[in-house]
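> Contents of upload.cif (mmCIF, C-alpha atoms) are given next:
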data_my_file
loop_
_atom_site.label_atom_id
_atom_site.label_comp_id
_atom_site.auth_asym_id
_atom_site.auth_seq_id
_atom_site.Cartn_x
_atom_site.Cartn_y
_atom_site.Cartn_z
CA MET A 332 116.06 58.97 120.10
CA ARG A 333 113.10 60.37 121.92
CA ILE A 334 112.15 63.89 120.92
CA LYS A 335 109.94 65.85 123.29
CA THR A 336 108.28 69.24 123.10
CA SER A 337 106.56 70.96 125.99
CA GLY A 338 102.85 70.42 126.58
CA ALA A 339 99.88 72.77 126.65
CA VAL A 340 99.81 75.51 129.26
CA GLN A 341 97.88 74.37 132.31
CA TRP A 342 97.61 76.12 135.64
CA ARG A 343 97.10 73.82 138.55
CA ARG A 344 96.84 74.66 142.21
CA GLY A 345 98.97 71.63 143.03
CA SER A 346 101.83 72.88 140.85
CA TRP A 347 101.84 76.20 142.68
CA CYS A 348 101.84 74.46 146.06
CA LEU A 349 104.75 72.26 145.06
CA LEU A 350 106.67 75.28 143.80
CA LEU A 351 106.08 77.19 147.03
CA VAL A 352 107.30 74.23 149.06
CA LEU A 353 110.45 74.01 146.95
CA LEU A 354 111.18 77.71 147.20
CA PHE A 355 110.52 78.31 150.84
CA ALA A 356 111.16 75.03 152.66
CA ILE A 357 114.91 75.67 152.92
CA PRO A 358 115.94 77.71 155.95
CA ALA A 359 117.38 81.18 155.43
CA TRP A 360 121.15 81.70 155.36
CA SER A 361 122.77 82.75 158.59
CA ASP A 362 125.73 85.15 158.65
CA GLU A 363 126.90 83.97 162.07
CA GLY A 364 130.43 82.64 161.86
CA GLU A 365 132.46 81.97 158.76
CA THR A 366 132.15 78.85 156.65
CA GLU A 367 134.59 77.81 153.96
CA PRO A 368 132.84 78.53 150.63
CA ILE A 369 132.57 76.23 147.65
CA ARG A 370 134.54 78.07 144.97
CA VAL A 371 133.09 77.64 141.49
CA GLY A 372 134.98 79.12 138.51
CA MET A 373 133.69 80.03 135.05
CA SER A 374 135.33 81.33 131.88
CA GLY A 375 132.90 82.71 129.32
CA ALA A 376 132.39 85.14 126.48
CA PHE A 377 131.41 88.32 128.32
CA SER A 378 132.69 90.43 125.42
CA GLY A 379 133.15 89.77 121.73
CA PRO A 380 130.92 88.12 119.11
CA ILE A 381 128.84 85.92 121.45
CA ASN A 382 128.84 88.06 124.61
CA ALA A 383 125.05 87.81 125.00
CA LEU A 384 125.30 84.04 125.34
CA GLY A 385 128.08 84.14 127.92
CA ILE A 386 126.38 86.83 129.98
CA GLU A 387 123.00 85.11 130.01
CA VAL A 388 124.45 81.74 131.01
CA TYR A 389 126.29 83.47 133.85
CA ARG A 390 123.21 85.38 135.01
CA GLY A 391 121.11 82.22 135.20
CA ALA A 392 123.73 80.37 137.23
CA LEU A 393 124.35 83.41 139.44
CA ALA A 394 120.64 83.70 140.17
CA TYR A 395 120.48 80.13 141.43
CA PHE A 396 123.65 80.37 143.47
CA GLU A 397 122.36 83.58 145.10
CA HIS A 398 119.08 81.79 145.79
CA LEU A 399 120.99 78.93 147.44
CA ASN A 400 123.17 81.23 149.54
CA GLN A 401 120.15 83.06 150.89
CA ARG A 402 118.83 79.72 152.11
CA GLY A 403 121.90 78.13 153.64
CA GLY A 404 124.15 77.34 150.70
CA ILE A 405 125.01 73.73 149.92
CA ASN A 406 125.20 71.65 153.08
CA GLY A 407 125.80 74.85 155.03
CA ARG A 408 128.56 76.12 152.72
CA PRO A 409 127.99 79.25 150.60
CA VAL A 410 128.86 79.19 146.92
CA ARG A 411 131.41 81.73 145.73
CA PHE A 412 130.97 82.16 141.97
CA LEU A 413 134.03 83.50 140.14
CA ALA A 414 134.01 84.38 136.44
CA TYR A 415 136.47 85.75 133.88
CA ASP A 416 135.99 86.98 130.33
CA ASP A 417 137.64 85.03 127.51
CA ALA A 418 135.83 86.79 124.62
CA TYR A 419 135.41 83.36 122.94
CA ASP A 420 139.19 83.25 122.48
CA PRO A 421 140.89 79.87 123.07
CA ALA A 422 144.14 81.54 124.18
CA ARG A 423 142.41 83.61 126.84
CA VAL A 424 140.46 80.68 128.22
CA LEU A 425 143.75 78.96 128.99
CA GLU A 426 144.89 81.97 131.01
CA ASN A 427 141.57 82.15 132.83
CA THR A 428 141.61 78.46 133.73
CA ILE A 429 145.14 78.60 135.14
CA ARG A 430 144.17 81.70 137.13
CA LEU A 431 141.08 80.01 138.52
CA VAL A 432 143.06 76.97 139.61
CA GLU A 433 146.37 78.44 140.71
CA GLN A 434 145.32 81.82 142.08
CA ASP A 435 141.69 81.41 143.11
CA GLY A 436 141.88 77.79 144.21
CA VAL A 437 138.49 76.83 142.78
CA ASP A 438 136.87 73.56 143.78
CA ALA A 439 135.22 73.10 140.39
CA LEU A 440 135.27 74.52 136.88
CA PHE A 441 131.77 75.34 135.73
CA SER A 442 129.77 76.23 132.58
CA PHE A 443 132.64 77.26 130.31
CA VAL A 444 131.04 78.58 127.11
CA GLY A 445 131.88 77.44 123.60
CA THR A 446 133.43 74.54 121.72
CA PRO A 447 136.81 76.04 120.69
CA THR A 448 137.35 77.36 124.21
CA VAL A 449 136.30 74.19 126.05
CA THR A 450 138.29 72.01 123.66
CA ARG A 451 141.37 74.15 124.30
CA ILE A 452 141.39 73.56 128.06
CA LEU A 453 140.71 69.81 128.03
CA PRO A 454 144.43 68.91 128.27
CA LEU A 455 144.62 71.07 131.42
CA LEU A 456 142.12 68.74 133.08
CA LYS A 457 144.67 65.96 132.63
CA VAL A 458 147.45 68.20 133.92
CA TYR A 459 145.43 69.00 137.04
CA GLU A 460 144.26 65.42 137.50
CA ASP A 461 146.18 65.10 140.76
CA ARG A 462 144.10 67.99 142.13
CA GLY A 463 140.88 66.14 141.37
CA LEU A 464 139.51 68.96 139.20
CA SER A 465 136.50 68.41 136.96
CA LEU A 466 134.59 70.59 134.51
CA PHE A 467 130.87 70.70 135.24
CA PHE A 468 128.28 71.37 132.54
CA PRO A 469 130.11 73.18 129.74
CA VAL A 470 127.83 75.08 127.37
CA THR A 471 128.70 73.19 124.21
CA GLY A 472 127.26 70.15 122.51
CA ALA A 473 130.53 69.11 120.88
CA GLU A 474 132.03 65.65 121.16
CA PRO A 475 135.70 65.93 122.36
CA HIS A 476 134.83 66.21 126.06
CA ARG A 477 132.27 63.41 125.73
CA ARG A 478 134.88 60.91 124.52
CA PRO A 479 138.04 59.39 126.00
CA PRO A 480 140.40 60.52 127.37
CA TYR A 481 138.56 63.62 128.59
CA ASP A 482 135.06 62.27 129.23
CA ALA A 483 136.07 61.08 132.72
CA HIS A 484 136.85 64.68 133.70
CA VAL A 485 133.64 66.34 132.46
CA PHE A 486 130.01 66.23 133.52
CA ASN A 487 127.48 67.28 130.86
CA LEU A 488 123.88 68.33 131.27
CA ARG A 489 122.86 69.41 127.76
CA ALA A 490 122.32 67.07 124.83
CA SER A 491 124.99 67.02 122.13
CA TYR A 492 124.98 68.88 118.82
CA ALA A 493 124.80 65.50 117.10
CA GLN A 494 121.54 64.82 118.95
CA GLU A 495 120.18 68.27 118.10
CA VAL A 496 120.99 67.91 114.41
CA ASP A 497 119.67 64.35 114.30
CA ALA A 498 116.38 65.50 115.84
CA MET A 499 116.02 68.28 113.24
CA VAL A 500 116.83 65.93 110.36
CA HIS A 501 114.21 63.49 111.65
CA GLU A 502 111.53 66.19 111.60
CA PHE A 503 112.44 67.53 108.16
CA LEU A 504 112.51 64.03 106.70
CA GLY A 505 108.98 63.68 108.05
CA LEU A 506 108.05 66.68 105.91
CA GLY A 507 109.55 64.97 102.86
CA LYS A 508 112.68 67.13 102.73
CA THR A 509 115.79 65.31 101.56
CA ARG A 510 118.17 68.01 100.30
CA PHE A 511 120.19 69.40 103.21
CA ALA A 512 122.87 72.10 103.04
CA ILE A 513 124.87 73.44 105.96
CA LEU A 514 126.35 76.76 107.06
CA TYR A 515 128.94 76.32 109.78
CA GLN A 516 131.64 78.15 111.70
CA ALA A 517 135.10 77.09 110.53
CA ASP A 518 136.32 75.62 113.81
CA SER A 519 135.62 72.74 116.18
CA TYR A 520 132.10 74.05 116.91
CA GLY A 521 131.11 74.07 113.26
CA ARG A 522 132.78 70.77 112.50
CA SER A 523 130.86 69.11 115.32
CA GLY A 524 127.60 70.14 113.68
CA TRP A 525 128.86 69.18 110.22
CA GLU A 526 129.81 65.71 111.45
CA GLY A 527 126.44 65.37 113.18
CA LEU A 528 124.56 66.20 109.97
CA ARG A 529 126.67 63.85 107.87
CA LYS A 530 126.03 60.95 110.24
CA SER A 531 122.31 61.72 110.51
CA LEU A 532 121.87 61.61 106.73
CA GLN A 533 123.84 58.39 106.16
CA PRO A 534 121.13 55.91 107.32
CA ASN A 535 118.78 57.46 104.75
CA ALA A 536 121.34 57.20 101.93
CA LEU A 537 121.58 61.00 101.81
CA THR A 538 124.54 63.34 101.71
CA ILE A 539 125.06 67.05 102.34
CA VAL A 540 124.27 68.77 99.01
CA GLU A 541 126.46 71.81 99.74
CA GLU A 542 128.34 73.51 102.55
CA ALA A 543 129.58 77.01 103.32
CA THR A 544 131.74 78.30 106.16
CA TYR A 545 132.63 81.56 107.87
CA SER A 546 135.33 82.55 110.36
CA ARG A 547 134.83 82.80 114.12
CA GLY A 548 134.30 86.40 115.22
CA PHE A 549 131.90 87.22 112.37
CA GLU A 550 129.94 90.44 112.95
CA PHE A 551 126.38 91.16 111.88
CA GLY A 552 127.42 94.11 109.73
CA GLN A 553 129.51 91.87 107.48
CA SER A 554 128.15 90.36 104.30
CA MET A 555 127.10 86.72 104.12
CA LEU A 556 126.12 87.00 100.44
CA GLU A 557 128.89 84.70 99.20
CA GLN A 558 127.77 81.89 101.53
CA VAL A 559 124.15 82.45 100.54
CA GLU A 560 124.97 82.21 96.83
CA ILE A 561 127.04 79.05 97.30
CA LEU A 562 124.22 77.25 99.10
CA HIS A 563 121.43 78.68 96.95
CA ALA A 564 123.08 77.33 93.79
CA ALA A 565 122.74 73.77 95.15
CA ASN A 566 118.95 74.16 95.55
CA PRO A 567 118.68 72.68 99.07
CA GLU A 568 115.33 72.27 100.77
CA VAL A 569 116.76 72.97 104.25
CA VAL A 570 119.80 74.84 105.56
CA ILE A 571 121.19 73.61 108.88
CA SER A 572 123.04 76.44 110.61
CA ILE A 573 125.85 75.81 113.10
CA ALA A 574 126.58 79.45 113.76
CA SER A 575 126.83 82.29 116.23
CA TYR A 576 123.83 84.59 116.47
CA ALA A 577 125.45 87.43 114.45
CA ALA A 578 126.48 85.09 111.62
CA ALA A 579 123.14 83.26 111.58
CA ALA A 580 121.19 86.54 111.48
CA ALA A 581 123.41 87.86 108.68
CA PHE A 582 122.87 84.70 106.63
CA ILE A 583 119.11 84.89 107.10
CA ARG A 584 119.14 88.60 106.21
CA ASP A 585 121.09 88.11 102.97
CA ALA A 586 119.10 85.01 101.99
CA ARG A 587 115.75 86.76 102.44
CA ASP A 588 117.00 89.89 100.67
CA LEU A 589 117.89 87.63 97.74
CA GLY A 590 114.33 86.31 97.79
CA TRP A 591 115.37 82.87 99.06
CA ASP A 592 112.83 81.53 101.57
CA VAL A 593 114.51 78.25 102.42
CA PRO A 594 113.89 76.98 105.99
CA VAL A 595 116.86 77.74 108.25
CA ALA A 596 117.37 75.57 111.34
CA ASN A 597 119.81 76.64 114.07
CA VAL A 598 121.16 74.65 117.00
CA SER A 599 120.83 75.88 120.59
CA PHE A 600 124.22 77.62 120.80
CA VAL A 601 122.98 80.35 118.46
CA ALA A 602 121.49 82.34 121.38
CA SER A 603 117.97 82.54 120.01
CA GLU A 604 116.87 85.83 121.53
CA SER A 605 119.97 87.71 120.37
CA MET A 606 119.57 86.44 116.80
CA LEU A 607 115.91 87.38 116.88
CA ASP A 608 116.62 90.90 118.15
CA LEU A 609 118.89 91.53 115.17
CA LEU A 610 116.26 90.29 112.73
CA LEU A 611 113.42 92.21 114.34
CA GLY A 612 115.53 95.37 114.18
CA LEU A 613 115.91 94.81 110.43
CA GLU A 614 112.18 94.34 110.04
CA GLN A 615 111.53 97.67 111.70
CA GLN A 616 114.05 99.38 109.42
CA THR A 617 113.02 97.80 106.12
CA GLY A 618 109.43 96.64 106.54
CA ARG A 619 110.45 93.19 105.25
CA CYS A 620 109.91 89.89 107.07
CA TYR A 621 113.07 88.10 108.16
CA THR A 622 111.64 85.80 110.82
CA HIS A 623 109.56 83.28 108.86
CA GLY A 624 110.77 79.77 108.14
CA LEU A 625 113.04 79.63 111.20
CA VAL A 626 113.46 76.70 113.60
CA ASN A 627 115.81 76.46 116.55
CA SER A 628 116.57 73.29 118.45
CA GLN A 629 116.88 73.82 122.20
CA VAL A 630 118.35 71.82 125.06
CA VAL A 631 115.95 73.31 127.61
CA PRO A 632 112.18 73.77 127.33
CA SER A 633 110.52 77.08 126.57
CA TYR A 634 110.56 79.48 129.52
CA GLU A 635 106.95 80.26 128.59
CA ASP A 636 105.69 76.73 129.26
CA TYR A 637 103.88 77.36 132.53
CA SER A 638 102.79 73.73 132.83
CA LEU A 639 106.31 72.88 134.09
CA TRP A 640 107.10 73.73 137.71
CA GLY A 641 110.76 74.04 136.77
CA VAL A 642 109.84 76.93 134.48
CA LEU A 643 107.86 78.62 137.24
CA GLU A 644 110.81 78.26 139.59
CA TYR A 645 113.23 79.63 136.98
CA ARG A 646 111.11 82.70 136.30
CA TRP A 647 110.54 83.39 140.01
CA ILE A 648 114.25 83.19 140.81
CA MET A 649 115.20 85.39 137.84
CA ASP A 650 112.56 87.92 138.93
CA THR A 651 113.98 88.15 142.45
CA CYS A 652 117.70 88.07 141.64
CA SER A 653 119.87 91.13 141.17
CA CYS A 654 122.00 89.13 138.72
CA GLU A 655 124.46 91.99 138.34
CA LEU A 656 127.76 91.36 136.57
CA PRO A 657 130.84 91.96 138.72
CA GLU A 658 132.62 95.22 138.01
CA GLY A 659 135.21 94.79 135.30
CA LEU A 660 133.86 91.51 133.96
CA THR A 661 132.98 93.15 130.64
CA SER A 662 133.60 96.55 129.11
CA GLU A 663 130.79 96.23 126.59
CA SER A 664 127.29 97.59 126.92
CA TYR A 665 124.61 94.94 127.31
CA THR A 666 120.94 94.99 128.31
CA PRO A 667 120.07 91.82 130.26
CA LEU A 668 117.06 89.77 129.18
CA PRO A 669 114.30 89.01 131.69
CA TYR A 670 114.31 85.38 130.52
CA SER A 671 116.26 83.46 127.90
CA PHE A 672 117.11 79.93 126.88
CA ALA A 673 120.73 80.62 127.85
CA SER A 674 119.98 81.85 131.37
CA PHE A 675 117.60 78.92 131.84
CA GLU A 676 120.42 76.56 130.88
CA GLY A 677 122.78 78.36 133.25
CA MET A 678 120.31 78.01 136.10
CA LEU A 679 119.75 74.32 135.42
CA ASN A 680 123.52 73.80 135.37
CA ALA A 681 123.77 75.41 138.81
CA LYS A 682 120.78 73.46 140.08
CA VAL A 683 122.25 70.10 139.05
CA PHE A 684 125.69 71.05 140.40
CA ALA A 685 124.12 71.85 143.76
CA ALA A 686 122.21 68.56 143.77
CA LEU A 687 125.38 66.59 143.06
CA VAL A 688 127.44 68.35 145.73
CA ARG A 689 124.60 68.11 148.24
CA ASN A 690 124.54 64.31 147.88
CA ILE A 691 128.15 63.43 147.08
CA PRO A 692 131.32 64.91 148.62
CA LEU A 693 132.94 67.31 146.17
CA GLU A 694 136.31 65.58 146.48
CA GLN A 695 134.66 62.38 145.24
CA LEU A 696 132.88 64.18 142.41
CA SER A 697 136.17 65.68 141.30
CA ALA A 698 138.25 62.54 141.60
CA GLY A 699 139.29 62.41 137.96
CA GLY A 700 136.42 60.19 136.93
CA GLY A 701 136.52 57.62 139.72
CA ASN A 702 133.39 55.67 140.60
CA TYR A 703 132.05 58.09 143.14
CA THR A 704 128.87 56.11 143.67
CA GLU A 705 127.63 52.68 142.74
CA GLU A 706 124.24 53.94 141.58
CA PRO A 707 123.41 56.92 139.33
CA LEU A 708 121.97 59.91 141.17
CA LEU A 709 118.40 60.78 140.20
CA ILE A 710 117.69 64.52 140.04
CA HIS A 711 114.30 66.18 139.49
CA LEU A 712 114.47 69.46 137.58
CA GLY A 713 110.76 70.08 137.02
CA ILE A 714 111.05 70.12 133.22
CA GLY A 715 109.99 66.58 132.39
CA ASP A 716 111.53 63.24 133.24
CA PRO A 717 114.15 63.22 136.02
CA ILE A 718 117.78 63.02 134.96
CA PHE A 719 120.48 60.55 136.01
CA LEU A 720 124.17 61.18 136.51
CA GLY A 721 126.59 58.45 137.47
CA PRO A 722 130.05 57.00 136.85
CA ASP A 723 128.96 55.59 133.50
CA HIS A 724 126.39 58.25 132.69
CA ARG A 725 127.95 61.69 132.50
CA GLN A 726 125.30 63.39 130.38
CA GLY A 727 122.11 64.27 132.17
CA MET A 728 119.71 65.17 129.34
CA ASP A 729 118.96 63.72 125.92
CA THR A 730 115.68 65.45 125.15
CA ILE A 731 115.60 67.99 122.31
CA PHE A 732 113.01 70.78 122.29
CA PHE A 733 112.08 72.98 119.33
CA SER A 734 111.06 76.60 119.00
CA THR A 735 109.97 78.92 116.20
CA VAL A 736 109.18 82.60 115.85
CA GLN A 737 105.61 83.74 116.30
CA ASP A 738 104.47 87.32 116.90
CA GLY A 739 108.05 88.47 117.37
CA ARG A 740 109.09 85.91 119.98
CA PHE A 741 110.24 82.32 120.18
CA VAL A 742 107.48 79.87 121.11
CA PRO A 743 107.43 76.08 121.45
CA LEU A 744 107.10 74.21 118.15
CA ARG A 745 104.83 71.20 118.47
CA ASP A 746 103.30 70.55 115.05
CA TRP A 747 105.94 70.73 112.33
CA SER A 748 103.45 70.22 109.50
CA GLN A 749 101.42 73.28 110.50
CA TRP A 750 104.60 75.32 110.99
CA TYR A 751 105.86 74.44 107.51
CA GLU A 752 102.57 75.07 105.75
CA GLY A 753 101.97 78.31 107.63
CA GLN A 754 105.38 79.99 107.57
CA VAL A 755 107.45 78.70 104.66
CA PRO A 756 106.26 79.60 101.14
#
Let me see the structure of the file written as structure tokens.


Amino acid sequence: MRIKTSGAVQWRRGSWCLLLVLLFAIPAWSDEGETEPIRVGMSGAFSGPINALGIEVYRGALAYFEHLNQRGGINGRPVRFLAYDDAYDPARVLENTIRLVEQDGVDALFSFVGTPTVTRILPLLKVYEDRGLSLFFPVTGAEPHRRPPYDAHVFNLRASYAQEVDAMVHEFLGLGKTRFAILYQADSYGRSGWEGLRKSLQPNALTIVEEATYSRGFEFGQSMLEQVEILHAANPEVVISIASYAAAAAFIRDARDLGWDVPVANVSFVASESMLDLLLGLEQQTGRCYTHGLVNSQVVPSYEDYSLWGVLEYRWIMDTCSCELPEGLTSESYTPLPYSFASFEGMLNAKVFAALVRNIPLEQLSAGGGNYTEEPLLIHLGIGDPIFLGPDHRQGMDTIFFSTVQDGRFVPLRDWSQWYEGQVP
């Protein structure tokens, strides 16, 4: 598998010109007359233990859809973006999906957030097969929707958790680390990561030295000491974390308080910025360092890599979007982030959805997995190599990026040997 990290920051006049052409070449939206909108429906965690992730994914997608609507929509049709809160609860996501289909009459399901929630609604895609309904770009790297019988009803953009874990194992093996433990959420999300780690270690005749779990809905104020002690007793050299941001931050807190400086590597679903905010708050309170020895795999590049015109476009659109949550979507207080990996993923999801619908009739895209085109569609996102989506290629990206904490923020990780020598005792 090819593993890429973003390149050095370079400002080029040509990049700016290309970006300006992309942003301003589309004519402005006209309000004259009424055009049937494209109804896109999302269920996400806008409250509960991972609300920051759900909100940021939504804000990134909303920003791009607003940007499109101001410039004519998709083939002259505006996008109407509907969203409901499921609080990361599989029962509620079922209700939301039925409401989106039966009451709202959506044309597509879009960017549902989380493995247990997405897995729960997969049978509904079969139920609604006669309506030609597909799920576009769920925010989960799990396997069930990538395999038969549901793979024909789902388009993926992000790489899988198995690919993320395999990429991390590859890098740690390069550092000579062979003893891997895992902390994981006790549900389909965590098991996807556990299975990915097990398979990644097998070719090297290695096994997981120890594992510890926690229950979905874990809050940062709870203790993770039992899990820390279980893993610490096995003397691992690396802990792979398949966790929510509150659980991951609690594990790191309790491990560092115990004096255990083992490297902790999280997958992208952790919501990097939210985990970091919790740890930085602890540092301010205690004067201790909780942010060394951390690595996160990412499915999008760093939003601080200005050498990529896709990053420049993302930041410009986020800067100019209101990105306000609809009234009643969440009852919880939340301060939006200017930029985040999650909102970048949400925007890329919306960008690829628009490209697909612009080139292929939506009824063909949502035809229950039929061969909607003989050739894969090539889409340029401005973040590296173009992606392909087609009847036999329903995952757009395979590249894994890495980030680490430096000066209180996540930055691209390019040289693992320097990171390890400089941050992990």

> Could you tell me which of A:Ala376, A:Leu611, A:Leu693, A:Ala543 comes closest to His563 (chain A) if we count all atoms listed in the file?

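Closest to His563 (chain A) of all the choices is A:Ala543.
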
> Restricting the calculation to all atoms listed in the file, which member of A:Glu614, A:Glu526, A:Glu676, A:Asp588 is positioned closest to Thr471 (chain A)?

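Checking each of A:Glu614, A:Glu526, A:Glu676, A:Asp588 against Thr471 (chain A), counting all atoms listed in the file, the winner is A:Glu676.
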
> Provide the CA of Gly385 (chain A) to CA of Ser523 (chain A) distance in Å, to one decimal place.

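According to the coordinates, CA of Gly385 (chain A) and CA of Ser523 (chain A) are separated by 19.8 Å.
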
> Show me the residues around (118.6, 68.6, 124.5) - criterion: an atom at most 6 Å away, all atoms listed in the file counted - as a list in words.

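Selection result: Arg489, Ala490, Gln629, Val630, Asp729, Thr730 and Ile731 of chain A.
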
> Just the residues within 10 Å of region 717-727 of chain A, please, counting all atoms listed in the file, with nothing from its chain fewer than 3 positions along; format it as a ChimeraX atom specification.

/A:467-468,477,482-491,683,687,696,700-714,730

> Model the absent atoms of region 612-627 of chain A so that N, CA, C and O atoms are present, and write the result as a PDB file, in the frame of the given file.


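As a result, part-v4.pdb now contains:
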ATOM      1  N   GLY A 612     115.047  94.030 114.464  1.00  0.00           N
ATOM      2  CA  GLY A 612     115.530  95.370 114.180  1.00  0.00           C
ATOM      3  C   GLY A 612     115.535  95.657 112.683  1.00  0.00           C
ATOM      4  O   GLY A 612     115.175  96.762 112.234  1.00  0.00           O
ATOM      5  N   LEU A 613     115.941  94.665 111.886  1.00  0.00           N
ATOM      6  CA  LEU A 613     115.910  94.810 110.430  1.00  0.00           C
ATOM      7  C   LEU A 613     114.487  94.985 109.919  1.00  0.00           C
ATOM      8  O   LEU A 613     114.233  95.788 109.011  1.00  0.00           O
ATOM      9  N   GLU A 614     113.572  94.229 110.475  1.00  0.00           N
ATOM     10  CA  GLU A 614     112.180  94.340 110.040  1.00  0.00           C
ATOM     11  C   GLU A 614     111.631  95.735 110.281  1.00  0.00           C
ATOM     12  O   GLU A 614     110.890  96.280 109.450  1.00  0.00           O
ATOM     13  N   GLN A 615     111.982  96.321 111.405  1.00  0.00           N
ATOM     14  CA  GLN A 615     111.530  97.670 111.700  1.00  0.00           C
ATOM     15  C   GLN A 615     112.137  98.680 110.726  1.00  0.00           C
ATOM     16  O   GLN A 615     111.491  99.661 110.343  1.00  0.00           O
ATOM     17  N   GLN A 616     113.378  98.449 110.323  1.00  0.00           N
ATOM     18  CA  GLN A 616     114.050  99.380 109.420  1.00  0.00           C
ATOM     19  C   GLN A 616     113.563  99.262 107.984  1.00  0.00           C
ATOM     20  O   GLN A 616     113.437 100.271 107.281  1.00  0.00           O
ATOM     21  N   THR A 617     113.304  98.028 107.548  1.00  0.00           N
ATOM     22  CA  THR A 617     113.020  97.800 106.120  1.00  0.00           C
ATOM     23  C   THR A 617     111.564  97.495 105.802  1.00  0.00           C
ATOM     24  O   THR A 617     111.157  97.624 104.651  1.00  0.00           O
ATOM     25  N   GLY A 618     110.807  97.051 106.798  1.00  0.00           N
ATOM     26  CA  GLY A 618     109.430  96.640 106.540  1.00  0.00           C
ATOM     27  C   GLY A 618     109.324  95.242 105.959  1.00  0.00           C
ATOM     28  O   GLY A 618     108.227  94.754 105.687  1.00  0.00           O
ATOM     29  N   ARG A 619     110.458  94.555 105.764  1.00  0.00           N
ATOM     30  CA  ARG A 619     110.450  93.190 105.250  1.00  0.00           C
ATOM     31  C   ARG A 619     110.353  92.199 106.406  1.00  0.00           C
ATOM     32  O   ARG A 619     110.616  92.527 107.559  1.00  0.00           O
ATOM     33  N   CYS A 620     109.997  90.947 106.065  1.00  0.00           N
ATOM     34  CA  CYS A 620     109.910  89.890 107.070  1.00  0.00           C
ATOM     35  C   CYS A 620     111.157  89.012 106.986  1.00  0.00           C
ATOM     36  O   CYS A 620     111.482  88.465 105.922  1.00  0.00           O
ATOM     37  N   TYR A 621     111.865  88.927 108.087  1.00  0.00           N
ATOM     38  CA  TYR A 621     113.070  88.100 108.160  1.00  0.00           C
ATOM     39  C   TYR A 621     112.916  86.917 109.127  1.00  0.00           C
ATOM     40  O   TYR A 621     113.877  86.167 109.311  1.00  0.00           O
ATOM     41  N   THR A 622     111.763  86.764 109.736  1.00  0.00           N
ATOM     42  CA  THR A 622     111.640  85.800 110.820  1.00  0.00           C
ATOM     43  C   THR A 622     110.733  84.612 110.489  1.00  0.00           C
ATOM     44  O   THR A 622     110.382  83.842 111.366  1.00  0.00           O
ATOM     45  N   HIS A 623     110.347  84.457 109.211  1.00  0.00           N
ATOM     46  CA  HIS A 623     109.560  83.280 108.860  1.00  0.00           C
ATOM     47  C   HIS A 623     110.488  82.144 108.442  1.00  0.00           C
ATOM     48  O   HIS A 623     111.631  82.369 108.039  1.00  0.00           O
ATOM     49  N   GLY A 624     109.998  80.930 108.578  1.00  0.00           N
ATOM     50  CA  GLY A 624     110.770  79.770 108.140  1.00  0.00           C
ATOM     51  C   GLY A 624     111.960  79.453 109.015  1.00  0.00           C
ATOM     52  O   GLY A 624     112.918  78.830 108.566  1.00  0.00           O
ATOM     53  N   LEU A 625     111.914  79.861 110.296  1.00  0.00           N
ATOM     54  CA  LEU A 625     113.040  79.630 111.200  1.00  0.00           C
ATOM     55  C   LEU A 625     112.671  78.589 112.257  1.00  0.00           C
ATOM     56  O   LEU A 625     111.574  78.632 112.824  1.00  0.00           O
ATOM     57  N   VAL A 626     113.600  77.693 112.532  1.00  0.00           N
ATOM     58  CA  VAL A 626     113.460  76.700 113.600  1.00  0.00           C
ATOM     59  C   VAL A 626     114.752  76.685 114.395  1.00  0.00           C
ATOM     60  O   VAL A 626     115.835  76.728 113.810  1.00  0.00           O
ATOM     61  N   ASN A 627     114.634  76.646 115.704  1.00  0.00           N
ATOM     62  CA  ASN A 627     115.810  76.460 116.550  1.00  0.00           C
ATOM     63  C   ASN A 627     115.595  75.228 117.416  1.00  0.00           C
ATOM     64  O   ASN A 627     114.528  75.075 118.032  1.00  0.00           O
TER      65      ASN A 627
END
